[in-house]
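Chemist: The structure that follows is given in the form of structure tokens.
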Amino acid sequence: MTDTIYAAATAAGRAAVAVVRVSGPRARAAVRALAGKVPRPRVAGLRTLQSDSGPIDQALVLWFPGPGSYTGEDSAEFHVHGGPAVVSALLEALAALGLRLAEPGEFTRRAFENGKLDLAQAEGVADLIEAETEAQRRQALAQVGGALGRAHLRWRADLIEASANFEAAVDFPDEEVPAEVADRARPHLQRLIGELHLALADVDRGERIRDGFRIALVGAPNAGKSTLLNGLAGREAAIVTATPGTTRDVIEVPMRLAGYKVLLADTAGLRDTHDEIEAEGVRRARAWASSADLRIWLVDGSSSAIDPPPEELTAGDLCVINKSDLPPGDDTGRALLEARALELEMHRISARDATHVGVILAALTDQVVQRLAGDELPTATRLRHKDLLAEALARLEHALVVEGSPELAAEDVRLAGRSLDRITGRIDPEDVLDRVFATFCIGK
Ligand code: GDP
């Protein structure tokens, strides 16, 4: 028999109200023991909660009989005053009744196991709790609403058609397989392949919305990267000094631009060095910069010896010539030519001037919106989805290659179906589920 679990659903600390949830076969007995009369289903009842050692608090008690509850089991919620002592007294009383403290994500895992939501929706619940920006919230909400599950159903329809054709032909001796088998299966495979390509192209956007759009500040030490970073972030996030090579590691500063989460990072000054610790910093900075979604190459416009552009730069990145308040150095013209050849978007500023920083902020906002906004929200949003979509796609493309051998093609289609099924988690082994739910907070 399943345990009955309990946990505080609200964050620790003082608050007006705290919510403690209970789910499992003994939920009703627990409500009766603490609150006396069980309230009508889904209607709040005001009760004084009592433990063996006396009254705990006045609480609103909600009773959700299964299977119509969030977890699909009998569940209850106690809305108590949000003081830490009140919450711990209630948790102790529930423990004394023999209930068990829930693991992280265990309520949602039970909902998943009872068929209340699929794995992608459960991930959406976790994302919704983590959401800090408007875009993250909208994307997570679409996922909780089952956007990926609906796409999966559509894909399955084509899979079933393709597979039915191949499976029906498996019994034919090789030389007698009618050519129509492949002809009938092909349009379904092709449509599915097209859809999976689109979904995969969108995962990157989904991941950026979820995890943040990454912008790297690159350029020689002393170019003014820390100054610009502080200006952009609106606070002293990096230490500004006049000694080259002070910023030794990658400092990520979270920001919000046009409702999107952005991570802006200063780098250790991409230059060769013999100092071991600094060399490690440079290595990390390079890796961060080359995997970033956008780079800003910051150049000290007053310098007469500008380093060549870092190799991490790609077309569409920004070239910002800094220190426009000082007389230009002899090398600026060459840097500009190199930036133009790389197709960088050019700006000339003084990082010490807030108005100039505003121009860069606007340019970054444009880039983020251009790359992340779309008519529709991405349905696949994380690496787990991306890997499974790519697996399925590879199988289906192989099926097209071997379409003349129905047995081989049928096997490919079957395996593609398994990969897609795993997106919604219907056939996932325990350890995969453990990993997904371990990222949840307790009480959800
Ligand atoms: P980083 O090594 O690239 O991070 O550069 P910092 O931000 O630490 O700046 C190096 C030096 O240049 C500091 O003394 C800054 O005050 C100065 N600096 C940065 N931006 C400007 C600017 O626009 N004009 C002038 N005159 N000095 C600047």
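Ligands are numbered from 1 in the order shown, chains are lettered A, B, ... in the order of the structure tokens, and residues start at 1 in each chain.
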Would you pick out the contacts of Asn114 (chain A) at 9 Å or less, using only C-alpha atoms, so that residues sharing its chain but fewer than 5 positions from it are not included, and give the list as a list in words?

Modeler: Pro67, Thr71, Gly72, Glu73 and Arg109 of chain A

Chemist: As a PyMOL selection string, please: the residues near region 38-47 of chain A (cut-off 6 Å, only C-alpha atoms, same-chain neighbours under 4 positions excluded).

Modeler: chain A and resi 32+58-64

Chemist: Output N, CA, C and O atoms for every residue in the selection just made, as a PDB file, in the first residue's frame.

Modeler:
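Contents of selection-v7.pdb, as written:
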```
ATOM      1  N   ARG A  32      -9.367  13.965  10.080  1.00  0.00           N
ATOM      2  CA  ARG A  32     -10.290  13.731  11.190  1.00  0.00           C
ATOM      3  C   ARG A  32      -9.554  13.862  12.525  1.00  0.00           C
ATOM      4  O   ARG A  32     -10.047  14.476  13.464  1.00  0.00           O
ATOM      5  N   GLN A  58      -5.707  27.836  14.344  1.00  0.00           N
ATOM      6  CA  GLN A  58      -6.958  27.862  13.596  1.00  0.00           C
ATOM      7  C   GLN A  58      -6.574  27.765  12.136  1.00  0.00           C
ATOM      8  O   GLN A  58      -5.658  28.472  11.698  1.00  0.00           O
ATOM      9  N   ALA A  59      -7.269  26.941  11.413  1.00  0.00           N
ATOM     10  CA  ALA A  59      -6.839  26.728  10.026  1.00  0.00           C
ATOM     11  C   ALA A  59      -8.026  26.588   9.097  1.00  0.00           C
ATOM     12  O   ALA A  59      -9.128  26.218   9.520  1.00  0.00           O
ATOM     13  N   LEU A  60      -7.792  26.888   7.824  1.00  0.00           N
ATOM     14  CA  LEU A  60      -8.759  26.526   6.793  1.00  0.00           C
ATOM     15  C   LEU A  60      -8.351  25.144   6.319  1.00  0.00           C
ATOM     16  O   LEU A  60      -7.180  24.919   5.975  1.00  0.00           O
ATOM     17  N   VAL A  61      -9.299  24.239   6.302  1.00  0.00           N
ATOM     18  CA  VAL A  61      -8.979  22.878   5.901  1.00  0.00           C
ATOM     19  C   VAL A  61      -9.732  22.562   4.608  1.00  0.00           C
ATOM     20  O   VAL A  61     -10.914  22.857   4.474  1.00  0.00           O
ATOM     21  N   LEU A  62      -8.994  22.006   3.646  1.00  0.00           N
ATOM     22  CA  LEU A  62      -9.611  21.616   2.368  1.00  0.00           C
ATOM     23  C   LEU A  62      -9.439  20.124   2.168  1.00  0.00           C
ATOM     24  O   LEU A  62      -8.352  19.578   2.373  1.00  0.00           O
ATOM     25  N   TRP A  63     -10.515  19.520   1.744  1.00  0.00           N
ATOM     26  CA  TRP A  63     -10.517  18.061   1.550  1.00  0.00           C
ATOM     27  C   TRP A  63     -10.765  17.759   0.069  1.00  0.00           C
ATOM     28  O   TRP A  63     -11.746  18.239  -0.518  1.00  0.00           O
ATOM     29  N   PHE A  64      -9.822  17.047  -0.549  1.00  0.00           N
ATOM     30  CA  PHE A  64      -9.923  16.692  -1.976  1.00  0.00           C
ATOM     31  C   PHE A  64      -9.939  15.174  -2.111  1.00  0.00           C
ATOM     32  O   PHE A  64      -8.868  14.548  -2.116  1.00  0.00           O
TER      33      PHE A  64
END
```

Chemist: So which residues of region 180-340 of chain A fall under strand (DSSP E) by DSSP, listed as a count of residues only?

Modeler: 32

Chemist: Return the single residue from A:Ala287, A:Val369, A:Ala185, A:Val299 that is closest to ligand 1, with distances computed using only C-alpha atoms and all ligand atoms.

Modeler: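 Smallest separation from ligand 1 among the options: A:Val299.
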
Chemist: For CA of Phe78 (chain A) and CA of Gly145 (chain A), quote the distance in Å rounded to one decimal.

Modeler: 26.4 Å

Chemist: Show me, as an NGL selection string, the residues that have an atom within 10 Å of Leu383 (chain A) when counting only C-alpha atoms, minus same-chain residues fewer than 6 positions from it.

Modeler: :A and (203-204 or 206-207 or 389)

Chemist: Measure the distance from atom 15 (C, counted along the ligand's line) of ligand 1 to CA of Asn230 (chain A) in Å and round it to one decimal.

Modeler: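 Spanning atom 15 (C, counted along the ligand's line) of ligand 1 to CA of Asn230 (chain A) is a straight-line distance of 11.2 Å.
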
Chemist: Please give the complete set of residues from region 265-443 of chain A that DSSP, run on the backbone, assigns to helix (DSSP H, G or I), formatted as a ChimeraX atom specification.

Modeler: /A:276-291,332-341,354-372,383-401,406-424,430-438

Chemist: When distances are computed from only C-alpha atoms, which of A:Leu364, A:Ile306, A:Leu420, A:Ala76 shows the smallest separation from Ala220 (chain A)?

Modeler: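 Smallest separation from Ala220 (chain A) among the options: A:Ile306.
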